[in-house]
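Just below is one structure, and these are the notes that go with it.
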2 protein chains.
Amino acid sequence: MSPQPGDFTIGEAARASGVKVTTVRFYESRGLLPAPPRSEGNRRLYAQSHVDRLRFIRHARELGFALEDVATLLSLSDEPDQSCAAVDAIARAQRAEVTRRIARLEALGVELDRMIATCAGGTVGECRVIESLSDHAHCAADHPGPAPM
Amino acid sequence: MSPQPGDFTIGEAARASGVKVTTVRFYESRGLLPAPPRSEGNRRLYAQSHVDRLRFIRHARELGFALEDVATLLSLSDEPDQSCAAVDAIARAQRAEVTRRIARLEALGVELDRMIATCAGGTVGECRVIESLSDHAHCAADHPGPAPM
DNA sequence: GCTTGCTCCTACAGTGACTGTAGATGGCAT
DNA sequence: ATGCCATCTACAGTCACTGTAGGAGCAAGC
């Protein structure tokens with residue numbers, strides 16, 4: 001297959017979509033982007049549809065969707081006659097996750113502010129920041145720790 | 001070294017600190033927790049000071065500090081005569097990071113809400129969620145993507 | 001034709017902070 | 001002695017990439 005007008009090299013597709021070259025290849029390896037035809041010199045030759053798909057992926061990732069969710073959204077968008085209930089459910093789950101993370105971060109912010117406010121600028125020995133990290137009572141570890149994003 | 005009253009097995013230290021057994025070993029491998037003496041049967045024998053240190057690490061992690069920051073905070077807390085300016089700086093940087101993440105997540109929340117609100121419940125073909133993921137104009141990719149936590 | 005310099009290729013290792021697994025011991029209760 | 005859980009080591013897997021090594025393609029300048 002020889003290059004046609006309208007084909008993109010991987011670099012061009014990357015620029016046009018805002019996804020890095022290495023990440024484009026990574027998405028192909030993950031099955032999110034179909035393997036495109038190649039030039040005689042073995043270069044990937046992308047069509048506009050690939051660029052559109054990359055843009056879709058990039059935007060979904062910016063919204064914090066996991067690659068697995070992105071894959072589901074892509075396969076749903078490939079079947080336009082299905083009900084969009086599944087799409088809606090994924091979006092709502094993501095919204096709920098964002099809400100949870102904001103609440104968590106705001107609680108952290110409050111605690112950090114308290115720690116910082118009580119620091120009088122002396123030595124580490126009398127530092128409230130260190131102290132409040134040390135002293136904290138053991139409350140059941142129901143936070144499984146930092147979540148992505 | 002034979003077990004003494006006040007020594008903890010790794011499982012006990014884990015329960016007492018709220019850190020998982022595997023994670024305790026992981027922290028040792030990362031140099032955050034000193035390697036404890038062993039029993040005749042090669043089991044780790046922790047003292048109260050180890051448990052305190054684990055609690056410190058857990059609390060700092062819950063506040064979103066990276067392990068590298070935790071290591072720094074620990075080494076600072078081991079030298080109580082130093083100025084606590086470095087401690088304060090780490091805490092303030094963490095506070096700033098939390099603020100940035102909240103702002104980012106709130107922007108995502110707004111966009112997700114817009115997407116969800118316009119979904120009329122029809123087919124994927126007419127779904128606004130998919131559409132808004134597809135349509136989005138290419139604005140400079142200045143968000144390097146999801147950050148930890 | 002030759003060189004320079006960029007883009008592109010594959011394949012694999014590294015990131016952070018763990019989690020999970022396999023297979024071998026330790027040690028206590030029944 | 002038998003079962004069973006806790007513990008041991010060592011290593012692979014997670015997520016979403018990023019970085020590196022070692023080549024090859026390709027256009028432009030000389």
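Labels used: A, B, ... for chains in the order of the structure tokens, numbers from 1 for residues in each chain, and numbers from 1 for ligands as shown.
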Give as a PDB file with N, CA and C atoms (P, O5', C5', C4', C3', O3' and C1' of nucleotides), in the first residue's frame every residue of chain C that touches chain A within 12 Å, counting only C-alpha atoms (C1' of nucleotides).
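Output file out19.pdb follows:
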```
ATOM      1  P    DC C   6      17.776  17.239  14.005  1.00  0.00           P
ATOM      2  O5'  DC C   6      16.290  16.687  13.868  1.00  0.00           O
ATOM      3  C5'  DC C   6      15.456  17.201  12.834  1.00  0.00           C
ATOM      4  C4'  DC C   6      14.675  16.069  12.198  1.00  0.00           C
ATOM      5  C3'  DC C   6      13.738  15.314  13.150  1.00  0.00           C
ATOM      6  O3'  DC C   6      12.388  15.682  12.861  1.00  0.00           O
ATOM      7  C1'  DC C   6      14.886  13.865  11.624  1.00  0.00           C
ATOM      8  P    DT C   7      11.228  15.282  13.882  1.00  0.00           P
ATOM      9  O5'  DT C   7      10.687  13.878  13.313  1.00  0.00           O
ATOM     10  C5'  DT C   7      10.230  13.788  11.971  1.00  0.00           C
ATOM     11  C4'  DT C   7      10.118  12.322  11.559  1.00  0.00           C
ATOM     12  C3'  DT C   7       9.257  11.476  12.512  1.00  0.00           C
ATOM     13  O3'  DT C   7       8.128  11.008  11.778  1.00  0.00           O
ATOM     14  C1'  DT C   7      11.268  10.360  11.875  1.00  0.00           C
ATOM     15  P    DC C   8       6.949  10.250  12.508  1.00  0.00           P
ATOM     16  O5'  DC C   8       7.414   8.728  12.476  1.00  0.00           O
ATOM     17  C5'  DC C   8       7.574   8.060  11.236  1.00  0.00           C
ATOM     18  C4'  DC C   8       8.330   6.769  11.432  1.00  0.00           C
ATOM     19  C3'  DC C   8       7.751   5.836  12.497  1.00  0.00           C
ATOM     20  O3'  DC C   8       6.934   4.862  11.883  1.00  0.00           O
ATOM     21  C1'  DC C   8      10.164   5.850  12.413  1.00  0.00           C
ATOM     22  P    DC C   9       6.241   3.772  12.801  1.00  0.00           P
ATOM     23  O5'  DC C   9       7.396   2.686  13.003  1.00  0.00           O
ATOM     24  C5'  DC C   9       7.732   1.823  11.924  1.00  0.00           C
ATOM     25  C4'  DC C   9       8.781   0.821  12.361  1.00  0.00           C
ATOM     26  C3'  DC C   9       8.440   0.091  13.650  1.00  0.00           C
ATOM     27  O3'  DC C   9       7.621  -1.016  13.388  1.00  0.00           O
ATOM     28  C1'  DC C   9      10.732   0.750  13.628  1.00  0.00           C
ATOM     29  P    DT C  10       6.827  -1.676  14.597  1.00  0.00           P
ATOM     30  O5'  DT C  10       7.986  -2.502  15.340  1.00  0.00           O
ATOM     31  C5'  DT C  10       8.708  -3.504  14.639  1.00  0.00           C
ATOM     32  C4'  DT C  10       9.778  -4.095  15.553  1.00  0.00           C
ATOM     33  C3'  DT C  10       9.206  -4.749  16.805  1.00  0.00           C
ATOM     34  O3'  DT C  10       9.675  -6.088  16.882  1.00  0.00           O
ATOM     35  C1'  DT C  10      10.898  -3.159  17.386  1.00  0.00           C
ATOM     36  P    DG C  16       9.655   6.192  40.957  1.00  0.00           P
ATOM     37  O5'  DG C  16       8.196   6.027  41.511  1.00  0.00           O
ATOM     38  C5'  DG C  16       7.131   6.778  40.982  1.00  0.00           C
ATOM     39  C4'  DG C  16       5.854   6.380  41.681  1.00  0.00           C
ATOM     40  C3'  DG C  16       6.032   5.858  43.101  1.00  0.00           C
ATOM     41  O3'  DG C  16       4.913   6.304  43.848  1.00  0.00           O
ATOM     42  C1'  DG C  16       5.083   4.167  41.770  1.00  0.00           C
ATOM     43  P    DA C  17       5.054   6.539  45.395  1.00  0.00           P
ATOM     44  O5'  DA C  17       4.212   5.290  45.928  1.00  0.00           O
ATOM     45  C5'  DA C  17       2.842   5.215  45.605  1.00  0.00           C
ATOM     46  C4'  DA C  17       2.368   3.808  45.792  1.00  0.00           C
ATOM     47  C3'  DA C  17       2.907   3.119  47.062  1.00  0.00           C
ATOM     48  O3'  DA C  17       1.822   2.483  47.723  1.00  0.00           O
ATOM     49  C1'  DA C  17       3.166   1.743  45.231  1.00  0.00           C
ATOM     50  P    DC C  18       1.937   2.141  49.266  1.00  0.00           P
ATOM     51  O5'  DC C  18       2.730   0.763  49.276  1.00  0.00           O
ATOM     52  C5'  DC C  18       2.108  -0.488  49.230  1.00  0.00           C
ATOM     53  C4'  DC C  18       1.434  -0.790  47.917  1.00  0.00           C
ATOM     54  C3'  DC C  18       0.695  -2.106  47.922  1.00  0.00           C
ATOM     55  O3'  DC C  18      -0.706  -1.882  47.949  1.00  0.00           O
ATOM     56  C1'  DC C  18       1.960  -1.835  45.911  1.00  0.00           C
TER      57       DC C  18
END
```
- Output as a PyMOL selection string all residues of chain A that backbone DSSP marks as helix (DSSP H, G or I). chain A and resi 10-17+21-29+48-62+67-77+85-117+124-126+128-135
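One finds atom CA of B:Ser29 at 24.7 Å from atom CA of B:Gln94.
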- Counting only C-alpha atoms (C1' of nucleotides), what is within 6 Å of stretch 53-58 of chain B, bar same-chain residues fewer than 5 positions away, as JSON, numbers by chain? {"A": [133, 134], "B": [17]}
Sorted by chain and rising residue number, which residues of chain D lie within 12 Å of chain A, and what are their closest atom pairs and distances in Å to one decimal, counting only C-alpha atoms (C1' of nucleotides), as a Markdown table?
```
| residue | atom | partner | partner_atom | distance |
| --- | --- | --- | --- | --- |
| D:DC15 | C1' | A:Ala66 | CA | 8.8 |
| D:DA16 | C1' | A:Leu67 | CA | 8.0 |
| D:DC17 | C1' | A:Thr23 | CA | 7.1 |
| D:DT18 | C1' | A:Thr22 | CA | 8.3 |
| D:DG19 | C1' | A:Thr22 | CA | 10.2 |
| D:DA24 | C1' | A:Gly41 | CA | 8.8 |
| D:DG25 | C1' | A:Gly41 | CA | 6.4 |
| D:DC26 | C1' | A:Gly41 | CA | 9.4 |
```
Please identify every residue of stretch 41-124 of chain B that has at least one atom no farther than 7 Å from an atom of stretch 100-118 of chain A, counting only C-alpha atoms, and for each give the shortest atom pair and the distance in Å to one decimal, arranged by chain then increasing number, as CSV.
```
residue,atom,partner,partner_atom,distance
B:Leu63,CA,A:Leu108,CA,5.7
B:Asp88,CA,A:Ile116,CA,6.6
B:Ala91,CA,A:Ile116,CA,6.7
B:Arg95,CA,A:Gly109,CA,6.1
B:Val98,CA,A:Leu105,CA,6.2
B:Ile102,CA,A:Ile102,CA,5.7
B:Leu105,CA,A:Ile102,CA,6.6
```
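Across the model, the gap from atom CA of B:Val124 to atom CA of A:Asp52 is 17.0 Å.
Atom pair atom CA of B:Ala120 / atom CA of A:Arg61 has a distance of 23.4 Å (rounded to one decimal).
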- Nearest to D:DT20 by atom-to-atom distance, counting only C-alpha atoms (C1' of nucleotides), from C:DT19, C:DA24, C:DG1, C:DA13: C:DA13
- Message: as a list in words, please: the residues near A:Ala71 (cut-off 10 Å, only C-alpha atoms (C1' of nucleotides), same-chain neighbours under 3 positions excluded).
- Response: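 Everything that qualifies: Arg30, Gly31, Leu32, Leu33, Ile57, Phe65, Ala66, Leu67, Glu68, Leu74, Ser75, Leu76 and Ser77 of chain A.
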